[in-house]
Amino acid sequence: MDTTVQKHWRATQERVEKYISDTYFTDVNLRGRLYSANAPLRRLRWYKAVTPTTYDTAVAALEAAPDVEVSSVCIGPAWSTHWFRCEVCVPAEWVGKHVRFCWDSGCEAMIWFQGKAIQGLTGSADSHQMRTDFTLVKRAQGGETFVLYLEAAANGMFGAGHDGLINPPDPKKSYSVMRVEIAVFEEVVNELLLDLTVLFGMSKYLPSDSPRAYEALYAANDIINACNPFDKSTFERCLTISRKFFSEKNGDSQHTIHAIGHCHIDTAWLWPYSETVRKCARSWSTTLRLMEEYPEYKFACSQAQQFEWVKLKYPSIYEEIKAKVATGQFIPVGGTWVEMDGNIPSGESFVRQFLVGQRFFKEEFGAYCKEFWLPDTFGYSAQLPQIMSGAGIKYFLTQKLSWNLTNTFPHNTFFWEGIDGTRILTHFPPANTYSSNAGVEDVVKTVKQFLDKGRSRQSMLLFGHGDGGGGPTESMLQLLKRMANVDGLPKVVYSSPEAFYSSVENHDSSKLCTWKGELYLEMHRGTYTSQARLKRENRKIEILFHDMDFVAGINVALTKDLKMAAKRKAQLLDLWKLFLLNQFHDVLPGSSIDLVTKDALAYYSEVKSELSTLLSTKIALMLSMLSKGEKEKQLVAINTFSWPRQDVVHLPAHINEEITGVTCVQTLVDESVVALVSCGGMSVEAVQFCNPTHPVVVSEVADGFVLDNNIVRCFFTKDGCLKSVLHKQSNRDAIEPGMCGNQFVLYDDIPLYWDAWDVMEYHLETRKPVVKRCTSLTVVERGPLRASLKIVFDLSERSHLQQFIILDANCPYVKFETFVEWHESHKFLKVEFPLNVRAMEATYEIQFGHITRPTHSNTSWDQAKFEVCGLKWADLSDSAFGVALLDDCKYGYSTRDNVMSLSLLRSPKAPDKYADMGLQTFAYALFPHQGTPTAADASVIQESYNFNNPLRVVYSPGKIIEKQVLFEVSVRSVILETVKMCEDNKLGIVIRLYEAYGGSTLACIRTCLPVTSYQKCNLLEEPLEQPVPFTGAIELEFKPFQIINLLLNVS
């Protein structure tokens, strides 16, 4: 009888799908036979540790604990820790069987065996990432007894969110043990399930007109016909069918996929830092077990901070990792301390991420990383290619731009060129994920979505559960093995990042395209503003580090004390590590839960406190080295920037008796004292009080108030509207006639899903100016050094703003010191300045430079940049006149036509329902100037530094010998950004300079320090040339936006 039947495509596909399903027909399908026998635990004990505790403490507690029934166990509340002692006995009749321990408590857990953390488990609450078994013995002898310890965390892979992924945690969340037993694992059944999974995937994801899709479906159907799940003798016949199919190989021209194991672990996100430590241990111990079984398997892992955590908390796991690094299976990548935000940190913070990270990898594993690994960050600064290159990085990987909402990024493999011209070979894995399930779908998608066909025929696939950890599974490895070289699919090879990039370099580099400038993510723009306190602390501490590095570096040169220098480096390294941790790409951007924000603010407080104390001590040491030795107290100005300054500064407390008779000071209403003080570039000198060329005055006119100094004249109406900022030298008004500057605006801020992350373009349609809400406008200070107004606004019924508008003598900008009591829900507060300037592009500061962005929406690419990131300033200029907006802790900007706005506060409710509520403090300034921001007379860049870091005036323990010009730079376009101790154990300092205006120039660097020789070095402080004797000056040639590092050797 002819049994051939015409097959219905969908019905046959669903037949295969149901046959391997873990949901449907498990009583008769093949999946239901994966475990053929089971046995209960002999004994179970439970210890509620609540907080994380050590293994030894838990074991001791469990020894004294009574036996419990599984039904009595409740693992909760959220974030608590629970330990279990599980005693099992393999039945005698299971001789020769593969026996697994099965545990499903819904939450995350770690198995401890013979005193070691051995493998992580993920409960069924995270069903798509479930891992609930552990191999006890592959060939049982029968009768063996095992004692396992389980450390269960009352959270899932994605935290403990209430009814949703990004919702705030549910503090009452708890879990139950749904399965705990030992079971016989049927290896042949598993083989067939994996074969059928690949065949089903090929039938589903290959093109519908592909002959190979039909062949795969028919082969799967034949296997089902041949298989009896209850008769093992039929399994060999089934395997024969699948082996024949998989033996049909690919041609030489097929696209090659480099498959690399990966486990993206957010250093903090929907869970606190402390839980990440355990996530690393769970995930990495699991991948180590897989490496024992699959020596060809390679796993890439980033973030030095996570390696250090495991080194300190799980030393046995760390030693195993080091062994696998040596064999090339466990591959450190990234080169940074954490996978940091790619927009907000300063240039020096970027450098330190690499410096601290790369040194860790070199010290621990013997080599620097070659690949910068940042797959999940919310945009990438145009200065990163130069910083990468200077830190020993050759390649870059991300996939985040696949999230763009408006435009599809045109490449997967290309060269990324920074603003200085540095090019980095870059790859975006075309499966558009860093956590592939390694199924047919992602393999097919990798080729289909590859945008550089014809230029290259190889790409990368990162496989393994991620975000909350987990990593690759054994099934993933088995699926890839089946797809390695089978007709109908691309070739799949286990590979490493270096092998992939080297292959591209050798075969494809001459054909690749180049993308110039920033990699702007058309999504998650709200992260420039969310969690304002974190961003404020980040900026303030970056400035503290700048000054601390400067003073510590000077002290090394003056004292030549190697022992003291080593101690100081160790102190600063610990503080830098803690600070850099908070720049992780879900912490600093403000997209984490409340617990993370509290931890981060506590870390910031610790760093700030220790830095401030240390800085005061080291300033005193520096001044004692520079003094004549006469024990006479003296006021000293310290300028840590490389240009001269003249600022109105606060003098130290209790100074009144020492300035008796000095006319050029002003006592403010709060009884503090300010003075106009001048100081040379990067110098230390006795304070010289200056008289302003034109005292600042405030005057009341019929319809408002005028603030006036020798540079600008500002007019405010009585309802708080800034009507005019006249720049006297150019006779140009910064504010468009008839318009109101310093205009506060509220927007509805309801994104599609990602609450703390996204601000959508349609929010611009909900603009609500805050008008007729000024409750008072009064004069506070009347000059001659400082004039100020105090303005009070009711932003809404719940939120209130108090602002001090300040104009100082000889200051080119008007400052707005702002205090907001913020109690809103899904509102966005901005401040607008309609400027009397027209330009097609606005300029924004980025790390070690600046870029321009459109002020129009001519194209979809222009339109998508309705909210952008800037650091300390943004500027709108024509050829003759411009206006800069300076900030002291804000990062979100927008310039549309002639209206420049600064984003101040958001009020998202997920994942932190308390985000930004309460008192917020920040400042900004409006700075009109002649020419463009880089014109000779503009000084926008220098003034933005000054605005963020007031001139420091302190007491010296003795008289300063004379004015000490520690460093001098001959041209204004070159910024001496950093002076620091060199990292290696030797007497020397490193200085970091960059060309800030965007042009080539020659610069001469001079110093009065006892420098004997100098040499250029990279960002890792490795010399690039032989030492050159120092003869009093260093001549340097700069290209546009080039960073140059010098190692100055001290005798």
# chains A, B, ... in the order shown; residues from 1 in each chain; ligands from 1
>>> residues_around(residues="segment 32-36 of chain A", least_positions_apart="3", cutoff="8 Å", atoms="only C-alpha atoms", output="ChimeraX atom specification")
/A:22,26-29,183-187,189-190,229-230
>>> residues_around(residues="Val504 of chain A", least_positions_apart="5", cutoff="9 Å", atoms="only C-alpha atoms", output="PyMOL selection string")
chain A and resi 413+425+456-459+499+509
>>> residues_around(residues="segment 356-373 of chain A", least_positions_apart="3", cutoff="8 Å", atoms="only C-alpha atoms", output="count of residues only")
31
>>> select_by_dssp(residues="segment 15-71 of chain A", states="strand (DSSP E)", output="list of chain:residue names")
A:Tyr35, A:Ser36, A:Ala37, A:Asn38, A:Ala39, A:Arg43, A:Leu44, A:Arg45, A:Trp46, A:Tyr47, A:Lys48, A:Ala49, A:Val50
>>> write_last_selection(atoms="C-alpha atoms", output="mmCIF file, in the first residue's frame")
data_model
loop_
_atom_site.group_PDB
_atom_site.id
_atom_site.type_symbol
_atom_site.label_atom_id
_atom_site.label_comp_id
_atom_site.auth_asym_id
_atom_site.auth_seq_id
_atom_site.Cartn_x
_atom_site.Cartn_y
_atom_site.Cartn_z
ATOM 1 C CA TYR A 35 13.296 12.558 31.799
ATOM 2 C CA SER A 36 12.342 8.886 32.062
ATOM 3 C CA ALA A 37 12.389 8.426 35.835
ATOM 4 C CA ASN A 38 12.582 10.561 38.972
ATOM 5 C CA ALA A 39 13.151 10.234 42.686
ATOM 6 C CA ARG A 43 16.183 15.351 53.150
ATOM 7 C CA LEU A 44 15.684 19.123 52.732
ATOM 8 C CA ARG A 45 16.749 21.824 55.183
ATOM 9 C CA TRP A 46 16.133 25.555 54.929
ATOM 10 C CA TYR A 47 17.963 28.604 56.345
ATOM 11 C CA LYS A 48 16.499 32.089 55.929
ATOM 12 C CA ALA A 49 19.662 34.169 55.709
ATOM 13 C CA VAL A 50 17.754 37.304 54.614
#
>>> residues_around(residues="Gly390 of chain A", least_positions_apart="5", cutoff="9 Å", atoms="only C-alpha atoms", output="list of chain:residue names")
A:Val351, A:Pro385, A:Cys1017, A:Asn1018, A:Leu1019, A:Leu1020, A:Ile1043
>>> write_last_selection(atoms="N, CA, C and O atoms", output="PDB file, in the first residue's frame")
ATOM      1  N   VAL A 351      38.819  58.261  29.514  1.00  0.00           N
ATOM      2  CA  VAL A 351      40.211  57.798  29.566  1.00  0.00           C
ATOM      3  C   VAL A 351      40.411  56.895  30.775  1.00  0.00           C
ATOM      4  O   VAL A 351      41.035  55.826  30.681  1.00  0.00           O
ATOM      5  N   PRO A 385      36.531  56.961  19.023  1.00  0.00           N
ATOM      6  CA  PRO A 385      37.564  56.268  18.234  1.00  0.00           C
ATOM      7  C   PRO A 385      38.989  56.658  18.626  1.00  0.00           C
ATOM      8  O   PRO A 385      39.856  55.789  18.753  1.00  0.00           O
ATOM      9  N   CYS A1017      53.357  59.544  25.177  1.00  0.00           N
ATOM     10  CA  CYS A1017      52.867  58.224  25.587  1.00  0.00           C
ATOM     11  C   CYS A1017      51.422  58.087  25.146  1.00  0.00           C
ATOM     12  O   CYS A1017      50.776  59.059  24.731  1.00  0.00           O
ATOM     13  N   ASN A1018      50.902  56.869  25.204  1.00  0.00           N
ATOM     14  CA  ASN A1018      49.501  56.670  24.868  1.00  0.00           C
ATOM     15  C   ASN A1018      48.644  56.858  26.119  1.00  0.00           C
ATOM     16  O   ASN A1018      49.147  57.226  27.193  1.00  0.00           O
ATOM     17  N   LEU A1019      47.353  56.608  26.011  1.00  0.00           N
ATOM     18  CA  LEU A1019      46.459  56.834  27.148  1.00  0.00           C
ATOM     19  C   LEU A1019      46.695  55.832  28.265  1.00  0.00           C
ATOM     20  O   LEU A1019      46.251  56.053  29.402  1.00  0.00           O
ATOM     21  N   LEU A1020      47.376  54.734  27.967  1.00  0.00           N
ATOM     22  CA  LEU A1020      47.741  53.766  28.994  1.00  0.00           C
ATOM     23  C   LEU A1020      49.088  54.114  29.619  1.00  0.00           C
ATOM     24  O   LEU A1020      49.619  53.336  30.408  1.00  0.00           O
ATOM     25  N   ILE A1043      44.411  64.507  20.763  1.00  0.00           N
ATOM     26  CA  ILE A1043      44.822  64.373  22.154  1.00  0.00           C
ATOM     27  C   ILE A1043      46.294  63.967  22.166  1.00  0.00           C
ATOM     28  O   ILE A1043      46.685  63.023  21.482  1.00  0.00           O
TER      29      ILE A1043
END
>>> closest_atom_pairs(of="segment 296-359 of chain A", to="segment 477-481 of chain A", cutoff="12 Å", atoms="only C-alpha atoms", output="tab-separated table")
residue	atom	partner	partner_atom	distance
A:Glu296	CA	A:Leu477	CA	9.9
A:Tyr297	CA	A:Leu477	CA	7.7
A:Lys298	CA	A:Leu477	CA	10.4
A:Phe299	CA	A:Leu477	CA	11.4
>>> residues_around(residues="Asn167 of chain A", least_positions_apart="3", cutoff="8 Å", atoms="only C-alpha atoms", output="list in words")
Gly161, His162, Asp163, Gly164, Ala910, Pro911 and Asp912 of chain A
>>> residues_around(residues="segment 634-650 of chain A", least_positions_apart="3", cutoff="9 Å", atoms="only C-alpha atoms", output="PyMOL selection string")
chain A and resi 546-547+550-551+623+653+672-688+690+785-786+808-811+942+945-946+950-960+967-969+972+974-979
>>> write_last_selection(atoms="N, CA and C atoms", output="compact mmCIF listing (two decimals), in the first residue's frame")
# COMPACT_ATOMS: atom_id res chain seq x y z
N HIS A 546 39.72 66.26 38.86
CA HIS A 546 40.62 67.09 38.06
C HIS A 546 41.60 67.84 38.97
N ASP A 547 41.06 68.48 40.00
CA ASP A 547 41.91 69.26 40.90
C ASP A 547 42.80 68.35 41.74
N PHE A 550 45.67 67.14 39.69
CA PHE A 550 46.61 68.24 39.49
C PHE A 550 47.52 68.41 40.70
N VAL A 551 46.93 68.52 41.87
CA VAL A 551 47.71 68.76 43.08
C VAL A 551 48.61 67.56 43.38
N LEU A 623 51.43 73.81 49.10
CA LEU A 623 51.73 75.19 49.48
C LEU A 623 52.94 75.25 50.42
N ALA A 653 36.02 81.41 55.12
CA ALA A 653 35.25 81.92 56.25
C ALA A 653 36.16 82.63 57.26
N SER A 672 28.62 86.01 53.71
CA SER A 672 29.86 85.55 53.09
C SER A 672 30.49 86.71 52.34
N VAL A 673 31.78 86.57 52.03
CA VAL A 673 32.54 87.66 51.42
C VAL A 673 33.05 87.20 50.05
N VAL A 674 32.89 88.05 49.06
CA VAL A 674 33.42 87.77 47.73
C VAL A 674 34.40 88.86 47.34
N ALA A 675 35.31 88.47 46.46
CA ALA A 675 36.31 89.43 45.96
C ALA A 675 36.59 89.12 44.50
N LEU A 676 37.03 90.12 43.76
CA LEU A 676 37.46 89.92 42.38
C LEU A 676 38.95 89.60 42.42
N VAL A 677 39.28 88.38 41.97
CA VAL A 677 40.65 87.86 42.11
C VAL A 677 41.16 87.43 40.74
N SER A 678 42.40 87.76 40.46
CA SER A 678 43.05 87.32 39.23
C SER A 678 44.09 86.26 39.56
N CYS A 679 44.29 85.37 38.58
CA CYS A 679 45.31 84.33 38.75
C CYS A 679 45.77 83.86 37.39
N GLY A 680 47.08 83.68 37.23
CA GLY A 680 47.62 83.21 35.96
C GLY A 680 47.26 81.77 35.67
N GLY A 681 47.46 81.36 34.44
CA GLY A 681 47.15 79.99 34.04
C GLY A 681 48.00 78.97 34.77
N MET A 682 47.38 77.93 35.31
CA MET A 682 48.03 76.85 36.04
C MET A 682 49.11 77.38 36.97
N SER A 683 48.67 78.27 37.84
CA SER A 683 49.63 78.91 38.73
C SER A 683 49.12 78.93 40.16
N VAL A 684 50.03 79.14 41.07
CA VAL A 684 49.74 79.34 42.49
C VAL A 684 50.37 80.67 42.87
N GLU A 685 49.57 81.57 43.42
CA GLU A 685 50.11 82.90 43.72
C GLU A 685 49.31 83.55 44.84
N ALA A 686 49.94 84.48 45.52
CA ALA A 686 49.26 85.23 46.56
C ALA A 686 48.10 86.00 45.95
N VAL A 687 46.99 86.04 46.67
CA VAL A 687 45.79 86.70 46.17
C VAL A 687 46.05 88.19 45.98
N GLN A 688 45.71 88.65 44.80
CA GLN A 688 45.75 90.08 44.49
C GLN A 688 44.31 90.53 44.26
N CYS A 690 41.41 92.77 42.98
CA CYS A 690 41.29 93.63 41.80
C CYS A 690 40.06 94.52 41.94
N LEU A 785 30.56 94.05 43.17
CA LEU A 785 31.15 92.87 42.53
C LEU A 785 30.10 91.88 42.07
N ARG A 786 28.99 91.84 42.77
CA ARG A 786 27.92 90.91 42.41
C ARG A 786 26.58 91.58 42.57
N ASP A 808 28.17 89.06 37.72
CA ASP A 808 29.37 89.47 38.45
C ASP A 808 30.14 90.52 37.66
N ALA A 809 30.94 91.25 38.36
CA ALA A 809 31.81 92.24 37.72
C ALA A 809 32.77 91.53 36.77
N ASN A 810 32.96 92.13 35.60
CA ASN A 810 33.90 91.63 34.57
C ASN A 810 33.53 90.24 34.04
N CYS A 811 32.33 89.77 34.33
CA CYS A 811 31.91 88.43 33.88
C CYS A 811 31.12 88.55 32.59
N GLN A 942 36.82 78.01 27.41
CA GLN A 942 37.45 78.34 28.67
C GLN A 942 36.42 78.78 29.72
N TYR A 945 34.63 75.89 31.39
CA TYR A 945 35.43 75.30 32.47
C TYR A 945 35.34 76.17 33.72
N ASN A 946 35.51 77.49 33.54
CA ASN A 946 35.47 78.41 34.68
C ASN A 946 34.13 78.33 35.41
N PRO A 950 34.96 77.05 40.11
CA PRO A 950 35.39 78.38 40.57
C PRO A 950 36.85 78.38 40.98
N LEU A 951 37.48 79.51 40.80
CA LEU A 951 38.86 79.68 41.22
C LEU A 951 38.97 79.39 42.72
N ARG A 952 39.98 78.60 43.08
CA ARG A 952 40.13 78.17 44.47
C ARG A 952 41.01 79.16 45.23
N VAL A 953 40.50 79.67 46.34
CA VAL A 953 41.25 80.57 47.21
C VAL A 953 41.33 79.94 48.59
N VAL A 954 42.56 79.75 49.09
CA VAL A 954 42.77 79.06 50.37
C VAL A 954 43.84 79.79 51.17
N TYR A 955 43.97 79.39 52.42
CA TYR A 955 45.06 79.89 53.24
C TYR A 955 46.31 79.06 52.99
N SER A 956 47.44 79.71 52.89
CA SER A 956 48.72 79.02 52.84
C SER A 956 49.36 79.08 54.22
N PRO A 957 50.03 78.00 54.66
CA PRO A 957 50.66 78.02 55.97
C PRO A 957 51.87 78.96 56.06
N GLY A 958 52.38 79.36 54.93
CA GLY A 958 53.52 80.29 54.91
C GLY A 958 53.48 81.11 53.65
N LYS A 959 54.33 82.12 53.56
CA LYS A 959 54.34 82.98 52.39
C LYS A 959 54.87 82.24 51.16
N ILE A 960 54.17 82.41 50.03
CA ILE A 960 54.61 81.80 48.78
C ILE A 960 55.86 82.53 48.28
N PHE A 967 52.50 75.38 34.80
CA PHE A 967 52.50 75.03 33.37
C PHE A 967 51.99 76.23 32.58
N GLU A 968 52.52 76.35 31.39
CA GLU A 968 52.10 77.43 30.50
C GLU A 968 51.94 76.86 29.10
N VAL A 969 50.79 77.17 28.47
CA VAL A 969 50.50 76.72 27.11
C VAL A 969 50.40 77.95 26.23
N ARG A 972 45.67 79.39 22.93
CA ARG A 972 44.40 79.16 23.63
C ARG A 972 43.66 77.95 23.08
N VAL A 974 44.72 75.07 22.53
CA VAL A 974 45.17 73.83 23.15
C VAL A 974 44.86 73.90 24.64
N ILE A 975 44.09 72.93 25.11
CA ILE A 975 43.69 72.85 26.50
C ILE A 975 44.56 71.81 27.20
N LEU A 976 45.19 72.22 28.30
CA LEU A 976 45.89 71.25 29.14
C LEU A 976 44.84 70.69 30.10
N GLU A 977 44.28 69.57 29.73
CA GLU A 977 43.12 69.02 30.44
C GLU A 977 43.49 68.38 31.77
N THR A 978 44.60 67.64 31.80
CA THR A 978 44.91 66.83 32.97
C THR A 978 46.39 66.89 33.31
N VAL A 979 46.65 67.03 34.59
CA VAL A 979 47.98 66.81 35.15
C VAL A 979 47.80 65.74 36.22
>>> residues_around(residues="Asn948 of chain A", least_positions_apart="2", cutoff="9 Å", atoms="only C-alpha atoms", output="list in words")
Arg539, Lys540, Ile543, Lys872, Leu886, Asp887, Asp888, Cys889, Glu943, Ser944, Tyr945, Asn946 and Pro950 of chain A
>>> closest_residue(among="A:Glu144, A:Cys74, A:Asn710, A:Ile991", to="Pro692 of chain A", atoms="only C-alpha atoms")
A:Asn710
>>> select_by_dssp(residues="segment 91-188 of chain A", states="helix (DSSP H, G or I)", output="ChimeraX atom specification")
/A:92-94,124-129,187-188
>>> closest_residue(among="A:Tyr24, A:Tyr520, A:Tyr997, A:Tyr914", to="Thr406 of chain A", atoms="only C-alpha atoms")
A:Tyr520
>>> closest_residue(among="A:Asp733, A:Glu606, A:Asp341, A:Glu995", to="Val883 of chain A", atoms="only C-alpha atoms")
A:Asp733
>>> atom_distance(atom1="atom CA of Ala154 of chain A", atom2="atom CA of Pro77 of chain A")
6.5 Å
>>> atom_distance(atom1="atom CA of Asp195 of chain A", atom2="atom CA of Val444 of chain A")
16.8 Å
>>> closest_residue(among="A:Leu1048, A:Cys740, A:Ala431, A:Ile424", to="Glu505 of chain A", atoms="only C-alpha atoms")
A:Ile424
>>> closest_residue(among="A:Ser894, A:Thr234, A:Gln6, A:Thr852", to="Phe866 of chain A", atoms="only C-alpha atoms")
A:Ser894
>>> atom_distance(atom1="atom CA of Gly421 of chain A", atom2="atom CA of Tyr1014 of chain A")
25.7 Å
